[in-house]
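Student: The following file, data_34.csv, comprises CSV, C-alpha atoms and all ligand atoms:
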```
chain,number,residue,atom,x,y,z
A,320,MET,CA,-14.2,-14.2,6.0
A,321,ALA,CA,-11.4,-12.4,4.3
A,322,THR,CA,-8.6,-14.1,6.4
A,323,LYS,CA,-8.3,-17.3,8.3
A,324,LYS,CA,-5.6,-18.6,10.6
A,325,SER,CA,-3.0,-20.9,9.1
A,326,GLY,CA,-1.1,-23.6,11.1
A,327,GLY,CA,1.5,-21.1,12.3
A,328,GLY,CA,-1.1,-18.6,13.5
A,329,ARG,CA,-0.3,-16.3,10.6
A,330,LYS,CA,-3.0,-14.6,8.6
A,331,THR,CA,-3.4,-15.8,5.0
A,332,ALA,CA,-2.0,-13.4,2.3
A,333,PRO,CA,-4.4,-10.9,0.8
A,334,ALA,CA,-6.0,-11.9,-2.5
A,335,GLY,CA,-3.6,-11.7,-5.4
A,336,THR,CA,-0.5,-12.0,-3.3
A,337,ALA,CA,-0.1,-15.7,-4.0
A,338,ALA,CA,-0.3,-15.1,-7.8
A,339,LYS,CA,2.2,-12.3,-7.4
A,340,THR,CA,4.6,-14.5,-5.4
A,341,ALA,CA,4.4,-17.2,-8.0
A,342,ALA,CA,5.1,-14.7,-10.7
A,343,ASN,CA,8.0,-13.4,-8.6
A,344,ARG,CA,9.5,-16.9,-8.4
A,345,GLY,CA,9.8,-17.0,-12.2
A,346,LYS,CA,11.2,-13.5,-12.5
A,347,LYS,CA,14.7,-13.0,-13.9
A,348,LYS,CA,17.4,-12.1,-11.4
A,349,PRO,CA,20.1,-9.6,-12.5
A,350,THR,CA,22.7,-12.3,-12.2
A,351,ASP,CA,20.8,-14.6,-14.6
A,352,LEU,CA,22.2,-14.9,-18.1
A,353,GLY,CA,20.3,-12.7,-20.6
A,354,ALA,CA,20.5,-10.6,-23.7
A,355,ASN,CA,23.4,-8.5,-22.5
A,356,ARG,CA,25.4,-7.6,-25.6
A,357,THR,CA,27.8,-5.0,-24.2
A,358,GLY,CA,31.1,-6.9,-24.1
A,359,VAL,CA,33.5,-7.3,-27.0
A,360,GLN,CA,33.1,-11.1,-26.7
A,361,THR,CA,29.6,-10.7,-28.2
A,362,ALA,CA,31.2,-9.6,-31.5
A,363,PRO,CA,34.9,-10.6,-31.5
A,364,LEU,CA,35.3,-9.7,-35.2
A,365,ARG,CA,34.2,-6.1,-34.6
A,366,ALA,CA,36.4,-5.8,-31.5
A,367,LYS,CA,39.6,-5.1,-33.5
A,368,GLU,CA,37.8,-2.5,-35.5
A,369,MET,CA,36.6,-0.8,-32.3
A,370,ALA,CA,40.1,-0.8,-30.8
A,371,GLN,CA,41.5,0.8,-34.0
A,372,ALA,CA,38.9,3.5,-33.9
A,373,THR,CA,39.6,4.2,-30.2
A,374,GLU,CA,43.3,4.6,-30.9
A,375,ALA,CA,42.5,7.1,-33.7
A,376,VAL,CA,40.5,9.3,-31.3
A,377,GLN,CA,43.1,9.1,-28.6
A,378,GLY,CA,45.8,10.2,-31.0
A,379,ASP,CA,45.6,13.9,-30.4
A,380,PRO,CA,46.9,15.0,-27.0
A,381,THR,CA,46.2,18.7,-27.7
A,382,LEU,CA,42.4,17.9,-27.5
A,383,ALA,CA,42.7,16.6,-23.9
A,384,SER,CA,44.8,19.6,-22.8
A,385,ALA,CA,42.4,22.0,-24.5
A,386,LEU,CA,39.6,20.5,-22.6
A,387,ALA,CA,41.5,20.6,-19.3
A,388,GLY,CA,42.3,24.3,-20.0
A,389,ALA,CA,38.7,25.1,-20.7
A,390,ARG,CA,37.6,23.5,-17.4
A,391,ALA,CA,40.3,25.4,-15.5
A,392,GLU,CA,39.3,28.7,-17.0
A,393,ALA,CA,35.6,28.0,-16.3
A,394,SER,CA,36.4,27.1,-12.7
A,395,ARG,CA,38.3,30.3,-12.2
A,396,GLU,CA,35.4,32.4,-13.5
A,397,ALA,CA,32.4,30.6,-12.3
A,398,PRO,CA,30.4,31.9,-9.3
A,399,PRO,CA,29.9,29.6,-6.3
A,400,VAL,CA,27.1,27.0,-6.4
A,401,GLY,CA,25.4,29.2,-3.8
A,402,THR,CA,25.9,31.5,-0.8
A,403,MET,CA,24.8,31.5,2.8
A,404,PRO,CA,21.5,33.2,3.6
A,405,MET,CA,21.5,36.6,5.3
A,406,PRO,CA,20.5,36.3,9.0
A,407,GLY,CA,16.9,36.9,9.7
A,408,THR,CA,17.5,39.9,12.0
A,409,VAL,CA,20.7,41.5,12.9
A,410,LYS,CA,19.6,41.7,16.5
A,411,GLY,CA,18.7,38.0,16.7
A,412,ALA,CA,20.4,35.5,14.4
A,413,ALA,CA,23.6,37.3,13.5
A,414,LYS,CA,24.4,38.2,17.1
A,415,THR,CA,23.4,34.7,18.4
A,416,VAL,CA,25.7,33.0,15.9
A,417,ALA,CA,28.6,35.3,16.5
A,418,LYS,CA,28.3,34.9,20.2
A,419,ALA,CA,27.7,31.2,20.2
A,420,LEU,CA,30.7,30.5,17.9
A,421,GLN,CA,32.9,33.0,19.7
A,422,GLY,CA,34.0,34.9,16.6
A,423,GLU,CA,34.6,31.8,14.5
A,424,LYS,CA,33.4,31.7,11.0
A,425,ALA,CA,29.8,30.9,11.9
A,426,THR,CA,28.7,30.4,8.3
A,427,VAL,CA,31.3,27.6,7.7
A,428,PHE,CA,29.8,25.6,10.5
A,429,LEU,CA,26.2,26.5,9.6
A,430,ASP,CA,26.9,25.5,6.0
A,431,LYS,CA,28.0,22.0,7.0
A,432,LEU,CA,25.1,21.7,9.5
A,433,GLY,CA,22.8,22.5,6.5
A,434,GLU,CA,24.5,19.8,4.5
A,435,ARG,CA,24.0,17.2,7.3
A,436,LEU,CA,20.3,18.2,7.6
A,437,ALA,CA,19.8,17.7,3.8
A,438,PHE,CA,21.7,14.4,3.9
A,439,GLU,CA,19.7,13.0,6.9
A,440,ARG,CA,16.5,14.0,5.1
A,441,THR,CA,17.7,12.0,2.1
A,442,GLY,CA,18.6,9.2,4.4
A,443,VAL,CA,15.0,8.9,5.5
A,444,ARG,CA,13.9,8.7,1.9
A,445,LEU,CA,16.6,6.1,1.1
A,446,TYR,CA,15.4,3.9,3.9
A,447,ASP,CA,11.7,4.5,2.8
A,448,ALA,CA,12.8,3.3,-0.6
A,449,VAL,CA,14.5,0.2,0.9
A,450,LEU,CA,11.3,-0.6,2.9
A,451,ALA,CA,9.3,-0.4,-0.4
A,452,LYS,CA,11.7,-3.1,-1.8
A,453,LEU,CA,11.2,-5.5,1.1
A,454,PRO,CA,7.8,-7.1,0.0
A,455,ALA,CA,9.4,-8.2,-3.2
A,456,ALA,CA,12.6,-9.5,-1.6
A,457,ARG,CA,13.4,-12.9,-0.1
A,458,LEU,CA,14.0,-12.2,3.6
A,459,THR,CA,13.8,-15.8,4.8
A,460,GLU,CA,17.6,-16.0,5.2
A,461,GLY,CA,19.9,-13.4,6.6
A,462,SER,CA,19.6,-11.1,9.5
A,463,LEU,CA,17.9,-8.1,7.8
A,464,THR,CA,14.4,-7.5,9.2
A,465,VAL,CA,11.7,-5.0,8.4
A,466,GLN,CA,11.7,-3.8,12.0
A,467,GLU,CA,15.4,-3.0,11.9
A,468,VAL,CA,15.3,-1.1,8.6
A,469,ARG,CA,12.3,0.8,9.9
A,470,GLY,CA,14.3,1.6,13.1
A,471,PHE,CA,17.2,2.9,11.1
A,472,ARG,CA,14.9,5.1,9.1
A,473,ASP,CA,13.4,6.5,12.3
A,474,GLU,CA,16.9,7.2,13.6
A,475,GLU,CA,17.8,9.1,10.4
A,476,LEU,CA,14.7,11.2,11.0
A,477,ALA,CA,15.8,11.8,14.7
A,478,HIS,CA,19.2,12.9,13.4
A,479,LEU,CA,17.5,15.4,11.1
A,480,HIS,CA,15.7,16.9,14.0
A,481,LEU,CA,18.9,17.0,16.1
A,482,VAL,CA,20.7,19.0,13.3
A,483,LYS,CA,17.6,21.3,12.9
A,484,ASP,CA,17.6,22.1,16.6
A,485,ALA,CA,21.4,22.7,16.5
A,486,ILE,CA,21.0,25.2,13.6
A,487,GLU,CA,18.2,27.0,15.4
A,488,ALA,CA,20.2,27.1,18.7
A,489,LEU,CA,23.1,28.8,16.7
A,490,GLY,CA,20.7,31.3,15.3
A,491,GLY,CA,20.6,29.8,11.8
A,492,ASP,CA,17.6,29.0,9.6
A,493,PRO,CA,17.1,25.3,9.1
A,494,THR,CA,14.8,25.8,6.2
A,495,ALA,CA,17.5,27.5,4.2
A,496,MET,CA,19.3,25.5,1.5
A,497,THR,CA,23.0,26.1,2.2
A,498,PRO,CA,25.6,25.6,-0.6
A,499,SER,CA,26.8,22.4,0.8
A,500,ALA,CA,23.3,21.2,1.3
A,501,ASP,CA,22.6,21.9,-2.3
A,502,LEU,CA,25.7,19.9,-3.4
A,503,ALA,CA,24.7,17.0,-1.0
A,504,GLY,CA,21.4,16.8,-2.8
A,505,VAL,CA,23.1,16.7,-6.2
A,506,GLN,CA,25.5,14.0,-5.0
A,507,ALA,CA,22.6,11.9,-3.6
A,508,GLN,CA,20.6,12.0,-6.8
A,509,GLY,CA,22.2,8.8,-8.1
A,510,LEU,CA,21.5,7.0,-4.9
A,511,VAL,CA,17.9,8.0,-4.9
A,512,SER,CA,17.5,7.0,-8.6
A,513,ALA,CA,19.1,3.6,-7.9
A,514,LEU,CA,16.9,2.9,-4.9
A,515,THR,CA,13.6,4.0,-6.4
A,516,ASP,CA,14.1,2.2,-9.7
A,517,PRO,CA,11.5,-0.6,-9.6
A,518,ARG,CA,14.0,-2.9,-11.4
A,519,THR,CA,16.7,-2.8,-8.7
A,520,THR,CA,16.9,-5.6,-6.3
A,521,LEU,CA,17.3,-5.3,-2.5
A,522,THR,CA,20.9,-6.5,-2.7
A,523,GLN,CA,21.6,-3.8,-5.3
A,524,CYS,CA,19.9,-1.2,-3.2
A,525,LEU,CA,21.9,-2.1,-0.1
A,526,ASP,CA,25.0,-1.2,-2.1
A,527,ALA,CA,23.6,2.3,-2.7
A,528,LEU,CA,22.7,2.5,1.0
A,529,LEU,CA,26.2,1.5,1.9
A,530,THR,CA,27.6,4.5,-0.1
A,531,ALA,CA,25.2,6.8,1.8
A,532,GLU,CA,26.1,5.3,5.2
A,533,LEU,CA,29.8,5.6,4.6
A,534,ALA,CA,29.4,9.3,3.7
A,535,ASP,CA,27.0,9.8,6.6
A,536,ASN,CA,29.5,8.4,9.1
A,537,ASP,CA,32.3,10.7,7.9
A,538,GLY,CA,29.9,13.6,7.8
A,539,TRP,CA,29.1,13.2,11.5
A,540,LYS,CA,32.8,12.9,12.4
A,541,ILE,CA,33.5,16.2,10.7
A,542,LEU,CA,30.6,17.9,12.4
A,543,ILE,CA,31.8,16.6,15.8
A,544,ALA,CA,35.3,18.0,15.1
A,545,MET,CA,33.9,21.3,14.0
A,546,ALA,CA,31.7,21.5,17.1
A,547,GLU,CA,34.7,20.8,19.3
A,548,ALA,CA,36.9,23.3,17.4
A,549,THR,CA,34.3,26.1,17.9
A,550,GLY,CA,33.8,25.4,21.6
A,551,GLN,CA,30.4,23.7,21.1
A,552,ASP,CA,31.1,20.8,23.5
A,553,GLU,CA,27.6,20.0,24.4
A,554,LEU,CA,26.7,19.8,20.7
A,555,ALA,CA,29.6,17.6,20.0
A,556,GLN,CA,28.4,15.2,22.7
A,557,ARG,CA,24.9,15.0,21.1
A,558,PHE,CA,26.4,14.5,17.7
A,559,ALA,CA,28.5,11.6,19.1
A,560,THR,CA,25.3,9.8,20.0
A,561,ALA,CA,24.2,10.1,16.4
A,562,LEU,CA,27.5,8.9,15.2
A,563,ALA,CA,27.2,5.8,17.4
A,564,GLU,CA,23.9,5.0,15.7
A,565,GLU,CA,25.3,5.7,12.3
A,566,ASP,CA,28.1,3.3,13.2
A,567,HIS,CA,25.5,0.6,13.8
A,568,HIS,CA,23.8,1.4,10.5
A,569,LEU,CA,27.1,1.1,8.6
A,570,ALA,CA,28.1,-2.2,10.3
A,571,SER,CA,24.6,-3.7,9.7
A,572,VAL,CA,24.4,-2.7,6.1
A,573,ARG,CA,27.8,-4.3,5.5
A,574,VAL,CA,26.6,-7.5,7.2
A,575,TRP,CA,23.4,-7.6,5.1
A,576,ILE,CA,25.3,-7.2,1.9
A,577,ALA,CA,27.7,-10.0,2.7
A,578,GLU,CA,24.9,-12.3,3.8
A,579,ARG,CA,22.9,-11.7,0.7
A,580,LEU,CA,25.8,-12.2,-1.6
A,581,GLY,CA,26.8,-15.3,0.3
A,582,ILE,CA,23.3,-16.7,-0.2
A,583,GLN,CA,23.4,-15.9,-3.9
A,584,LEU,CA,26.8,-17.5,-4.2
A,585,GLY,CA,25.7,-20.6,-2.3
A,586,LYS,CA,28.6,-20.1,0.1
A,587,PRO,CA,28.7,-17.9,3.1
A,588,LEU,CA,31.4,-15.2,2.8
A,589,PRO,CA,34.2,-15.2,5.3
A,590,SER,CA,34.2,-12.2,7.6
A,591,THR,CA,35.9,-9.2,6.0
A,592,ASP,CA,38.1,-6.7,7.7
A,593,PHE,CA,36.9,-3.2,6.7
A,594,GLY,CA,39.8,-1.6,8.6
A,595,GLU,CA,39.4,0.5,11.6
A,596,PRO,CA,36.1,0.7,13.5
A,597,ALA,CA,33.9,3.4,12.0
A,598,GLN,CA,33.9,5.2,15.4
A,599,PRO,CA,37.2,6.3,16.9
A,600,ALA,CA,37.9,4.5,20.2
B,1,FE,FE,22.3,9.5,8.8
B,2,FE,FE,22.6,6.1,8.8
```
Could the structure of this file be written out as structure tokens, please?
Ligand SMILES: [Fe+2]
Ligand SMILES: [Fe+2]
Tutor:
Amino acid sequence: MATKKSGGGRKTAPAGTAAKTAANRGKKKPTDLGANRTGVQTAPLRAKEMAQATEAVQGDPTLASALAGARAEASREAPPVGTMPMPGTVKGAAKTVAKALQGEKATVFLDKLGERLAFERTGVRLYDAVLAKLPAARLTEGSLTVQEVRGFRDEELAHLHLVKDAIEALGGDPTAMTPSADLAGVQAQGLVSALTDPRTTLTQCLDALLTAELADNDGWKILIAMAEATGQDELAQRFATALAEEDHHLASVRVWIAERLGIQLGKPLPSTDFGEPAQPA
């Protein structure tokens, strides 16, 4: 038999897992002392030399202003990152959008909807990456569970479909990469890299996830405000449901981080006031 029942009624681990777990136990943690030689305290005698060299480079203020000038010039002349796609048919999409938004700048709203769509898609991938970290993480303490992480992942996917439906209802094309969607992808590159790096720990990944959830939360608030401003009240209500879920994601990720850091410190952290509730009362 490949598996047999243990005392707790749990199945025994697959072959090789015990060896992997043992190896894991001896694995270095990022907070262990190691061969990090980046600080000046590693070579105090060279520190003075380095400080002198830095002062020499900083000495010319014209270099900094020349660089700022070149950037300003480039910004003035550069084309936009992208533009909005042409509507599929003048009869269909263009008219639908114009009518639905009652003459408002439909492309401004559709651009931000495209951004949210891209971000929610990334959100699914980020949670998938967190799920992949869980087998190697210690989950015996703290409130984080595989089920809850999976649930949040599924909610991100549901949000993606919510935005897709909204774009379609307004006559837009959800498969189009809008300029803001493009930028959202660029911004999230660091988060994806951090989460999919096999060397990063679950605790480190939760920090990356927190960055995403903070942006996610504000993103939904802006979308709700834009929907209200353009008379899309029903849409605003549906977005508010998504915001309530994002609120829960944000609060949970904050708790998970505090719990894990408390475990690593050997002292539970006192509860922290992060300011106003994420969702307006
Ligand atoms: Fe989200
Ligand atoms: Fe979220």
Student: I'd like the contact shell of A:Trp539 - 10 Å cut-off, all atoms listed in the file, skipping same-chain residues fewer than 3 positions apart - returned as a PyMOL selection string.
Tutor: chain A and resi 431-432+435+534-536+542-545+555+558-563+565
Student: Could you check how far atom CA of A:Gly401 sits from atom CA of A:Ala488, in Å to one decimal?
Tutor: 23.2 Å
Student: Would you mind listing, for every residue of chain A within 12 Å of ligand FE 1 (chain B), the two atoms forming the shortest contact and the distance between them in Å to one decimal, using all atoms listed in the file, sorted by chain and ascending residue number, as a tab-separated table?
Tutor:
```
residue	atom	partner	partner_atom	distance
A:Glu434	CA	B:FE1	FE	11.4
A:Arg435	CA	B:FE1	FE	8.0
A:Leu436	CA	B:FE1	FE	9.0
A:Ala437	CA	B:FE1	FE	9.9
A:Phe438	CA	B:FE1	FE	7.0
A:Glu439	CA	B:FE1	FE	4.8
A:Arg440	CA	B:FE1	FE	8.2
A:Thr441	CA	B:FE1	FE	8.5
A:Gly442	CA	B:FE1	FE	5.8
A:Val443	CA	B:FE1	FE	8.0
A:Arg444	CA	B:FE1	FE	10.9
A:Leu445	CA	B:FE1	FE	10.2
A:Tyr446	CA	B:FE1	FE	10.1
A:Phe471	CA	B:FE1	FE	8.7
A:Arg472	CA	B:FE1	FE	8.6
A:Asp473	CA	B:FE1	FE	10.0
A:Glu474	CA	B:FE1	FE	7.6
A:Glu475	CA	B:FE1	FE	4.8
A:Leu476	CA	B:FE1	FE	8.1
A:Ala477	CA	B:FE1	FE	9.1
A:His478	CA	B:FE1	FE	6.5
A:Leu479	CA	B:FE1	FE	7.9
A:His480	CA	B:FE1	FE	11.2
A:Leu481	CA	B:FE1	FE	11.0
A:Val482	CA	B:FE1	FE	10.6
A:Leu528	CA	B:FE1	FE	10.5
A:Leu529	CA	B:FE1	FE	11.3
A:Thr530	CA	B:FE1	FE	11.5
A:Ala531	CA	B:FE1	FE	8.0
A:Glu532	CA	B:FE1	FE	6.7
A:Leu533	CA	B:FE1	FE	9.4
A:Ala534	CA	B:FE1	FE	8.7
A:Asp535	CA	B:FE1	FE	5.2
A:Asn536	CA	B:FE1	FE	7.3
A:Asp537	CA	B:FE1	FE	10.1
A:Gly538	CA	B:FE1	FE	8.7
A:Trp539	CA	B:FE1	FE	8.2
A:Lys540	CA	B:FE1	FE	11.6
A:Phe558	CA	B:FE1	FE	11.0
A:Thr560	CA	B:FE1	FE	11.6
A:Ala561	CA	B:FE1	FE	7.9
A:Leu562	CA	B:FE1	FE	8.3
A:Ala563	CA	B:FE1	FE	10.6
A:Glu564	CA	B:FE1	FE	8.4
A:Glu565	CA	B:FE1	FE	6.0
A:Asp566	CA	B:FE1	FE	9.6
A:His567	CA	B:FE1	FE	10.7
A:His568	CA	B:FE1	FE	8.4
A:Leu569	CA	B:FE1	FE	9.7
```
Student: What separation in Å, quoted to one decimal, exists between atom CA of A:Thr402 and atom CA of A:Ser499?
Tutor: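 About the pair atom CA of A:Thr402 and atom CA of A:Ser499: they are 9.3 Å apart.
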Student: Report, in Å to a single decimal, how far apart atom CA of A:Ser590 and atom CA of A:Gln466 are.
Tutor: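 Distance between the two atoms: 24.4 Å.
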Student: I'd like the neighbourhood of A:Ile582 as a list in words, where a residue qualifies if any of its atoms comes within 12 Å (using only C-alpha atoms), though same-chain residues fewer than 2 positions away should be ignored.
Tutor: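 Selected residues are Arg457, Leu458, Thr459, Glu460, Gly461, Ser462, Thr522, Trp575, Ile576, Ala577, Glu578, Arg579, Leu580, Leu584, Gly585, Lys586, Pro587 and Leu588 of chain A.
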